[in-house]
>>> print(open('data-v4.txt').read())   # compact mmCIF, C-alpha atoms (C1' of nucleotides)
# COMPACT_ATOMS: atom_id res chain seq x y z
CA MET A 27 0.00 0.00 0.00
CA ASP A 28 2.82 2.31 0.85
CA GLU A 29 4.17 2.19 -2.65
CA ALA A 30 0.74 2.82 -4.19
CA LEU A 31 0.11 5.82 -1.97
CA ARG A 32 3.53 7.29 -2.65
CA ALA A 33 2.94 6.80 -6.36
CA VAL A 34 -0.43 8.49 -6.22
CA ALA A 35 0.89 11.39 -4.16
CA ASP A 36 2.47 12.85 -7.29
CA PRO A 37 0.13 14.96 -9.44
CA THR A 38 1.73 13.96 -12.73
CA ARG A 39 1.24 10.31 -11.89
CA ARG A 40 -2.36 10.88 -10.89
CA ALA A 41 -2.94 12.54 -14.24
CA ILE A 42 -1.36 9.55 -15.98
CA LEU A 43 -3.68 7.23 -14.07
CA VAL A 44 -6.69 9.17 -15.28
CA LEU A 45 -5.40 8.95 -18.85
CA VAL A 46 -5.09 5.17 -18.82
CA ARG A 47 -8.12 4.45 -16.67
CA ASP A 48 -10.42 3.54 -19.51
CA GLY A 49 -8.08 1.67 -21.84
CA GLU A 50 -4.60 1.18 -23.18
CA VAL A 51 -2.53 4.20 -24.15
CA ALA A 52 0.94 4.17 -25.73
CA ALA A 53 3.83 5.70 -23.82
CA GLY A 54 4.34 8.32 -26.48
CA ASP A 55 0.72 9.38 -26.41
CA ILE A 56 0.90 9.71 -22.67
CA ALA A 57 4.07 11.77 -22.86
CA ALA A 58 2.44 14.03 -25.45
CA ARG A 59 -0.09 15.05 -22.80
CA PHE A 60 2.65 16.49 -20.63
CA PRO A 61 4.38 19.17 -22.67
CA GLY A 62 6.01 20.54 -19.55
CA ILE A 63 8.21 17.54 -18.86
CA SER A 64 10.50 15.41 -20.99
CA ARG A 65 9.66 11.96 -22.28
CA PRO A 66 12.18 10.20 -20.08
CA ALA A 67 10.56 11.83 -17.09
CA VAL A 68 7.21 10.41 -18.10
CA SER A 69 8.82 7.03 -18.70
CA GLN A 70 10.15 7.10 -15.18
CA HIS A 71 6.74 7.93 -13.79
CA LEU A 72 5.34 5.01 -15.73
CA ARG A 73 7.92 2.68 -14.26
CA ILE A 74 7.04 3.83 -10.77
CA LEU A 75 3.35 3.25 -11.42
CA VAL A 76 4.00 -0.23 -12.79
CA THR A 77 6.25 -1.11 -9.86
CA ALA A 78 3.56 0.07 -7.48
CA GLY A 79 1.14 -2.32 -9.16
CA LEU A 80 -1.05 0.45 -10.48
CA LEU A 81 -0.41 -0.09 -14.18
CA ASP A 82 -0.08 -2.98 -16.60
CA VAL A 83 2.19 -2.83 -19.63
CA ARG A 84 1.95 -4.70 -22.87
CA ARG A 85 4.27 -4.57 -25.83
CA ASP A 86 2.72 -3.97 -29.20
CA GLY A 87 5.49 -3.97 -31.75
CA ASN A 88 7.41 -0.83 -31.28
CA ARG A 89 5.17 0.67 -28.68
CA ARG A 90 4.31 -0.02 -25.11
CA LEU A 91 0.70 0.18 -24.12
CA TYR A 92 -0.16 1.06 -20.56
CA ARG A 93 -3.43 0.56 -18.84
CA MET A 94 -4.68 0.85 -15.33
CA ARG A 95 -4.71 -2.14 -13.03
CA PRO A 96 -7.71 -1.39 -10.83
CA ASP A 97 -6.80 -3.73 -7.99
CA GLY A 98 -3.61 -1.80 -7.50
CA LEU A 99 -5.53 0.83 -5.62
CA ALA A 100 -7.54 -1.61 -3.52
CA GLU A 101 -5.48 -1.51 -0.34
CA ALA A 102 -5.06 2.24 -0.39
CA ALA A 103 -8.75 2.70 -1.13
CA MET A 104 -9.52 0.53 1.91
CA PHE A 105 -7.45 2.79 4.08
CA PHE A 106 -9.47 5.75 2.94
CA GLN A 107 -12.69 3.86 3.49
CA THR A 108 -11.81 3.14 7.10
CA MET A 109 -10.36 6.57 7.74
CA TRP A 110 -12.94 8.61 5.93
CA PRO A 111 -16.31 6.98 6.47
CA GLY A 112 -17.93 9.13 3.84
CA PRO A 113 -20.49 11.87 4.16
CA LEU A 114 -23.43 9.61 5.10
CA ARG A 115 -21.59 7.77 7.81
CA ARG A 116 -20.30 11.09 9.08
CA LEU A 117 -23.81 12.40 9.47
CA LYS A 118 -24.86 9.30 11.37
CA ASP A 119 -21.88 9.52 13.73
CA ALA A 120 -22.56 13.18 14.40
CA ALA A 121 -26.16 12.36 15.26
CA GLU A 122 -25.09 9.64 17.68
CA ARG A 123 -22.56 11.89 19.34
CA GLU A 124 -25.21 14.50 19.76
CA GLU A 125 -27.49 11.91 21.33
CA ARG A 126 -24.82 10.77 23.79
CA ALA A 127 -24.03 14.36 24.67
CA LEU A 128 -27.66 15.00 25.50
CA ALA A 129 -27.88 11.83 27.59
CA GLY A 130 -24.74 12.88 29.46
CA GLU A 131 -26.20 16.27 30.19
CA GLU A 132 -29.28 14.62 31.54
CA THR A 133 -27.22 12.37 33.84
CA ALA A 134 -25.30 15.39 35.08
CA ARG A 135 -28.47 17.26 35.76
CA ILE A 136 -29.91 14.40 37.80
CA ARG A 137 -26.65 14.22 39.75
CA GLY A 138 -26.78 17.90 40.39
CA GLU A 139 -23.48 18.50 38.56
CA SER A 140 -22.63 21.52 36.46
CA SER A 141 -20.13 21.79 33.63
CA MET B 30 -5.52 17.24 -2.11
CA ASP B 31 -1.90 17.01 -3.05
CA GLU B 32 -0.78 17.90 0.42
CA ALA B 33 -3.19 15.42 2.02
CA LEU B 34 -2.02 12.58 -0.20
CA ARG B 35 1.62 13.36 0.40
CA ALA B 36 0.94 13.47 4.14
CA VAL B 37 -0.83 10.13 4.06
CA ALA B 38 1.86 8.51 1.94
CA ASP B 39 4.04 8.21 5.04
CA PRO B 40 3.38 5.16 7.24
CA THR B 41 4.18 6.93 10.49
CA ARG B 42 1.68 9.65 9.67
CA ARG B 43 -0.95 7.10 8.75
CA ALA B 44 -0.42 5.44 12.11
CA ILE B 45 -0.80 8.81 13.82
CA LEU B 46 -4.06 9.36 11.98
CA VAL B 47 -5.38 6.06 13.27
CA LEU B 48 -4.39 7.03 16.80
CA VAL B 49 -6.29 10.30 16.77
CA ARG B 50 -9.23 9.10 14.72
CA ASP B 51 -11.57 8.56 17.64
CA GLY B 52 -10.67 11.45 19.87
CA GLU B 53 -8.09 13.88 21.13
CA VAL B 54 -4.64 12.62 22.05
CA ALA B 55 -1.80 14.63 23.54
CA ALA B 56 1.39 15.04 21.55
CA GLY B 57 3.39 13.20 24.18
CA ASP B 58 1.00 10.26 24.21
CA ILE B 59 1.28 10.05 20.46
CA ALA B 60 5.06 10.19 20.57
CA ALA B 61 5.07 7.43 23.19
CA ARG B 62 3.53 5.10 20.62
CA PHE B 63 6.57 5.48 18.37
CA PRO B 64 9.54 4.32 20.38
CA GLY B 65 11.59 4.12 17.23
CA ILE B 66 11.67 7.83 16.53
CA SER B 67 12.31 10.91 18.62
CA ARG B 68 9.68 13.24 19.95
CA PRO B 69 10.69 16.11 17.67
CA ALA B 70 10.27 13.81 14.69
CA VAL B 71 6.72 13.06 15.77
CA SER B 72 6.10 16.76 16.33
CA GLN B 73 7.19 17.43 12.76
CA HIS B 74 4.85 14.77 11.46
CA LEU B 75 2.05 16.38 13.44
CA ARG B 76 2.81 19.76 11.94
CA ILE B 77 2.66 18.28 8.44
CA LEU B 78 -0.67 16.64 9.19
CA VAL B 79 -2.10 19.87 10.55
CA THR B 80 -0.82 21.87 7.59
CA ALA B 81 -2.39 19.33 5.27
CA GLY B 82 -5.70 19.92 7.01
CA LEU B 83 -5.89 16.40 8.37
CA LEU B 84 -5.59 17.23 12.07
CA ASP B 85 -6.90 19.82 14.49
CA VAL B 86 -4.86 21.05 17.46
CA ARG B 87 -6.04 22.47 20.72
CA ARG B 88 -4.01 23.70 23.62
CA ASP B 89 -4.86 22.38 27.03
CA GLY B 90 -2.54 23.99 29.51
CA ASN B 91 0.83 22.49 28.96
CA ARG B 92 -0.24 19.95 26.43
CA ARG B 93 -1.41 20.02 22.87
CA LEU B 94 -4.28 17.77 21.98
CA TYR B 95 -4.54 16.52 18.44
CA ARG B 96 -7.51 15.00 16.80
CA MET B 97 -8.45 14.02 13.32
CA ARG B 98 -10.28 16.43 11.08
CA PRO B 99 -12.29 13.96 8.97
CA ASP B 100 -13.06 16.32 6.13
CA GLY B 101 -9.38 16.70 5.49
CA LEU B 102 -9.44 13.41 3.63
CA ALA B 103 -12.54 14.21 1.62
CA GLU B 104 -10.89 15.32 -1.60
CA ALA B 105 -8.36 12.51 -1.63
CA ALA B 106 -11.07 9.99 -0.82
CA MET B 107 -13.03 11.29 -3.80
CA PHE B 108 -10.07 10.65 -6.04
CA PHE B 109 -9.99 7.05 -4.89
CA GLN B 110 -13.71 6.71 -5.34
CA THR B 111 -13.48 7.76 -8.95
CA MET B 112 -10.33 5.80 -9.68
CA TRP B 113 -11.21 2.61 -7.88
CA PRO B 114 -14.74 1.46 -8.60
CA GLY B 115 -14.94 -0.44 -5.35
CA PRO B 116 -15.31 -4.14 -4.55
CA LEU B 117 -18.98 -4.41 -5.42
CA ARG B 118 -18.59 -2.88 -8.82
CA ARG B 119 -15.52 -5.03 -9.38
CA LEU B 120 -17.40 -8.19 -8.36
CA LYS B 121 -20.15 -7.32 -10.75
CA ASP B 122 -17.65 -6.84 -13.55
CA ALA B 123 -15.96 -10.13 -12.73
CA ALA B 124 -19.30 -11.92 -12.72
CA GLU B 125 -20.12 -10.55 -16.12
CA ARG B 126 -16.76 -11.60 -17.47
CA GLU B 127 -17.33 -15.06 -16.04
CA GLU B 128 -20.74 -15.19 -17.63
CA ARG B 129 -19.35 -14.27 -20.99
CA ALA B 130 -16.59 -16.87 -20.57
CA LEU B 131 -19.15 -19.58 -19.77
CA ALA B 132 -21.29 -18.57 -22.70
CA GLY B 133 -18.17 -18.92 -24.81
CA GLU B 134 -17.48 -22.40 -23.43
CA GLU B 135 -21.00 -23.45 -24.07
CA THR B 136 -20.72 -22.23 -27.63
CA ALA B 137 -17.49 -24.18 -27.95
CA ARG B 138 -19.09 -27.34 -26.53
CA ILE B 139 -21.94 -27.16 -28.95
CA ARG B 140 -19.42 -26.71 -31.71
CA GLY B 141 -17.53 -29.74 -30.43
CA GLU B 142 -14.38 -27.77 -29.57
CA SER B 143 -12.06 -28.38 -26.58
CA SER B 144 -9.93 -25.92 -24.64
C1' DA C 13 21.43 -4.77 -43.43
C1' DA C 14 20.45 0.32 -42.73
C1' DG C 15 17.80 3.86 -41.20
C1' DG C 16 13.76 5.41 -38.80
C1' DT C 17 10.60 5.31 -34.86
C1' DA C 18 9.20 4.34 -30.10
C1' DT C 19 10.78 3.76 -25.86
C1' DG C 20 13.73 2.78 -21.86
C1' DT C 21 18.16 3.34 -19.09
C1' DA C 22 22.24 5.94 -17.15
C1' DA C 23 24.36 9.64 -14.93
C1' DG C 24 24.18 13.67 -12.70
C1' DA C 25 22.21 18.26 -10.84
C1' DT C 26 18.95 20.00 -7.61
C1' DG C 27 15.43 20.11 -4.37
C1' DT C 28 12.80 17.72 -0.70
C1' DT C 29 12.06 14.55 3.20
C1' DG C 30 12.73 12.58 7.62
C1' DC C 31 15.57 12.06 10.99
C1' DT C 32 18.80 13.62 14.92
C1' DT C 33 20.56 16.63 18.79
C1' DA C 34 20.47 21.04 20.96
C1' DA C 35 18.04 25.02 22.18
C1' DA C 36 13.80 27.77 22.77
C1' DT C 37 8.97 28.49 24.27
C1' DA C 38 5.15 28.20 27.20
C1' DC C 39 2.59 26.59 30.79
C1' DT C 40 2.35 24.68 35.84
C1' DT C 41 3.58 23.94 40.38
C1' DA C 42 6.22 24.56 44.60
C1' DT D 14 10.06 33.49 41.05
C1' DA D 15 12.48 29.14 40.32
C1' DA D 16 12.28 24.61 38.82
C1' DG D 17 9.78 21.16 36.27
C1' DT D 18 7.01 19.42 32.39
C1' DA D 19 5.20 19.31 27.60
C1' DT D 20 6.10 20.55 23.35
C1' DT D 21 7.98 23.00 19.31
C1' DT D 22 11.72 25.17 16.61
C1' DA D 23 16.44 25.32 14.63
C1' DA D 24 20.30 23.48 12.33
C1' DG D 25 22.39 20.08 9.99
C1' DC D 26 22.80 15.76 7.56
C1' DA D 27 21.97 11.46 4.86
C1' DA D 28 18.75 9.46 1.83
C1' DC D 29 15.57 9.90 -1.70
C1' DA D 30 12.77 12.00 -5.58
C1' DT D 31 12.43 14.32 -9.90
C1' DC D 32 14.02 16.35 -13.51
C1' DT D 33 17.43 16.87 -17.56
C1' DT D 34 20.56 15.37 -21.40
C1' DA D 35 22.91 11.78 -23.59
C1' DC D 36 22.93 7.13 -24.83
C1' DA D 37 21.14 2.36 -25.49
C1' DT D 38 17.67 -0.98 -26.96
C1' DA D 39 14.34 -3.00 -29.77
C1' DC D 40 11.21 -3.20 -33.28
C1' DC D 41 9.68 -1.94 -38.08
C1' DT D 42 10.37 -0.75 -42.92
C1' DT D 43 12.82 -0.51 -47.04
>>> encode(input="data-v4.txt", output="structure tokens")
Amino acid sequence: MDEALRAVADPTRRAILVLVRDGEVAAGDIAARFPGISRPAVSQHLRILVTAGLLDVRRDGNRRLYRMRPDGLAEAAMFFQTMWPGPLRRLKDAAEREERALAGEETARIRGESS
Amino acid sequence: MDEALRAVADPTRRAILVLVRDGEVAAGDIAARFPGISRPAVSQHLRILVTAGLLDVRRDGNRRLYRMRPDGLAEAAMFFQTMWPGPLRRLKDAAEREERALAGEETARIRGESS
DNA sequence: AAGGTATGTAAGATGTTGCTTAAATACTTA
DNA sequence: TAAGTATTTAAGCAACATCTTACATACCTT
């Protein structure tokens, strides 16, 4: 997971992931989308993404076709799922906290305590 | 988002996040959970997490209490949600692939072919 | 085989990260 | 106010990341 998260922490690599999410794209075509950086730089990003298990490569004659490997993000996605319950779950939790807080106040009142 | 993802890419910081997920924890108590690294190192990690919007700090006399700020992960979590369809969607896709494969086998059987 | 095209690898400059130890800050208690 | 406690800030260093240019590899076409 560590490798996947480090890979995804780079904005260029995230952009590459988006490019190859829906199908194979050749290295050159990917590089063409990043006029700001050299082709070797893109190649290195691709290597990192492959090593992290986020991309699959396939040779097609001269070219190399990259595509996303969806399971590569699974572990990292799980981390986010446990750490960020999502907006619905967050609402529910907030409601329960509120409920407990009210119950606590009630207990305190009965005991004659003050905050 | 970039800052949040970079922050979360470090395993120590992820562990800190887990520690403060369910409530406030003092800096010292956090540091005590990481015998391998010095207290200043932990303090620096905490600063990075706060800067990234992932943690809230509160002073309580001498101590500083940290706690998670759940919304800090929202953007990054969204990225994962769009990039990783999730286990259910993936199961569904797998089932459909399987179905197509079986249909293919059946066709082959009727044709008298073998794999 | 020779030349062209697509791509990766190597080497090196430069900036960033994550740690350490030492010192500073800020609150609390005697 | 002095000493103690909790924590951050500063300075410096080794390791790592990211880019560049130059070169190497491998396939395709003629």
>>> residues_around(input="data-v4.txt", residues="region 27-35 of chain C", least_positions_apart="5", cutoff="9 Å", atoms="all atoms listed in the file", output="list in words")
Ile66, Ser67, Pro69, Ala70 and Gln73 of chain B; DT22, DA23, DA24, DG25, DC26, DA27, DA28, DC29, DA30 and DT31 of chain D
>>> atom_distance(input="data-v4.txt", atom1="CA of Ala30 (chain A)", atom2="CA of Val71 (chain B)")
23.2 Å
>>> closest_atom_pairs(input="data-v4.txt", of="chain B", to="chain C", cutoff="12 Å", atoms="all atoms listed in the file", output="JSON lines")
{"residue": "B:Arg35", "atom": "CA", "partner": "C:DT29", "partner_atom": "C1'", "distance": 10.9}
{"residue": "B:Ala36", "atom": "CA", "partner": "C:DT29", "partner_atom": "C1'", "distance": 11.2}
{"residue": "B:Ala38", "atom": "CA", "partner": "C:DT29", "partner_atom": "C1'", "distance": 11.9}
{"residue": "B:Asp39", "atom": "CA", "partner": "C:DG30", "partner_atom": "C1'", "distance": 10.1}
{"residue": "B:Pro40", "atom": "CA", "partner": "C:DG30", "partner_atom": "C1'", "distance": 11.9}
{"residue": "B:Thr41", "atom": "CA", "partner": "C:DG30", "partner_atom": "C1'", "distance": 10.6}
{"residue": "B:Arg42", "atom": "CA", "partner": "C:DG30", "partner_atom": "C1'", "distance": 11.6}
{"residue": "B:Gly65", "atom": "CA", "partner": "C:DC31", "partner_atom": "C1'", "distance": 10.9}
{"residue": "B:Ile66", "atom": "CA", "partner": "C:DC31", "partner_atom": "C1'", "distance": 8.0}
{"residue": "B:Ser67", "atom": "CA", "partner": "C:DT32", "partner_atom": "C1'", "distance": 7.9}
{"residue": "B:Arg68", "atom": "CA", "partner": "C:DT32", "partner_atom": "C1'", "distance": 10.4}
{"residue": "B:Pro69", "atom": "CA", "partner": "C:DT32", "partner_atom": "C1'", "distance": 8.9}
{"residue": "B:Ala70", "atom": "CA", "partner": "C:DC31", "partner_atom": "C1'", "distance": 6.7}
{"residue": "B:Val71", "atom": "CA", "partner": "C:DC31", "partner_atom": "C1'", "distance": 10.1}
{"residue": "B:Ser72", "atom": "CA", "partner": "C:DG30", "partner_atom": "C1'", "distance": 11.7}
{"residue": "B:Gln73", "atom": "CA", "partner": "C:DG30", "partner_atom": "C1'", "distance": 9.0}
{"residue": "B:His74", "atom": "CA", "partner": "C:DG30", "partner_atom": "C1'", "distance": 9.0}
{"residue": "B:Ile77", "atom": "CA", "partner": "C:DT29", "partner_atom": "C1'", "distance": 11.4}
{"residue": "B:Arg88", "atom": "CA", "partner": "C:DC39", "partner_atom": "C1'", "distance": 10.2}
{"residue": "B:Asp89", "atom": "CA", "partner": "C:DC39", "partner_atom": "C1'", "distance": 9.3}
{"residue": "B:Gly90", "atom": "CA", "partner": "C:DC39", "partner_atom": "C1'", "distance": 5.9}
{"residue": "B:Asn91", "atom": "CA", "partner": "C:DC39", "partner_atom": "C1'", "distance": 4.8}
{"residue": "B:Arg92", "atom": "CA", "partner": "C:DC39", "partner_atom": "C1'", "distance": 8.4}
{"residue": "B:Arg93", "atom": "CA", "partner": "C:DC39", "partner_atom": "C1'", "distance": 11.0}
>>> interface_residues(input="data-v4.txt", of="chain D", to="chain B", cutoff="12 Å", atoms="only C-alpha atoms (C1' of nucleotides)", output="VMD selection string")
chain D and resid 17 to 23
>>> interface_residues(input="data-v4.txt", of="chain A", to="chain B", cutoff="12 Å", atoms="all atoms listed in the file", output="ChimeraX atom specification")
/A:27-48,80,94-113,115-117,119-120,123
>>> atom_distance(input="data-v4.txt", atom1="CA of Val51 (chain A)", atom2="C1' of DA39 (chain D)")
19.2 Å
>>> atom_distance(input="data-v4.txt", atom1="CA of Arg93 (chain A)", atom2="CA of Gly49 (chain A)")
5.6 Å
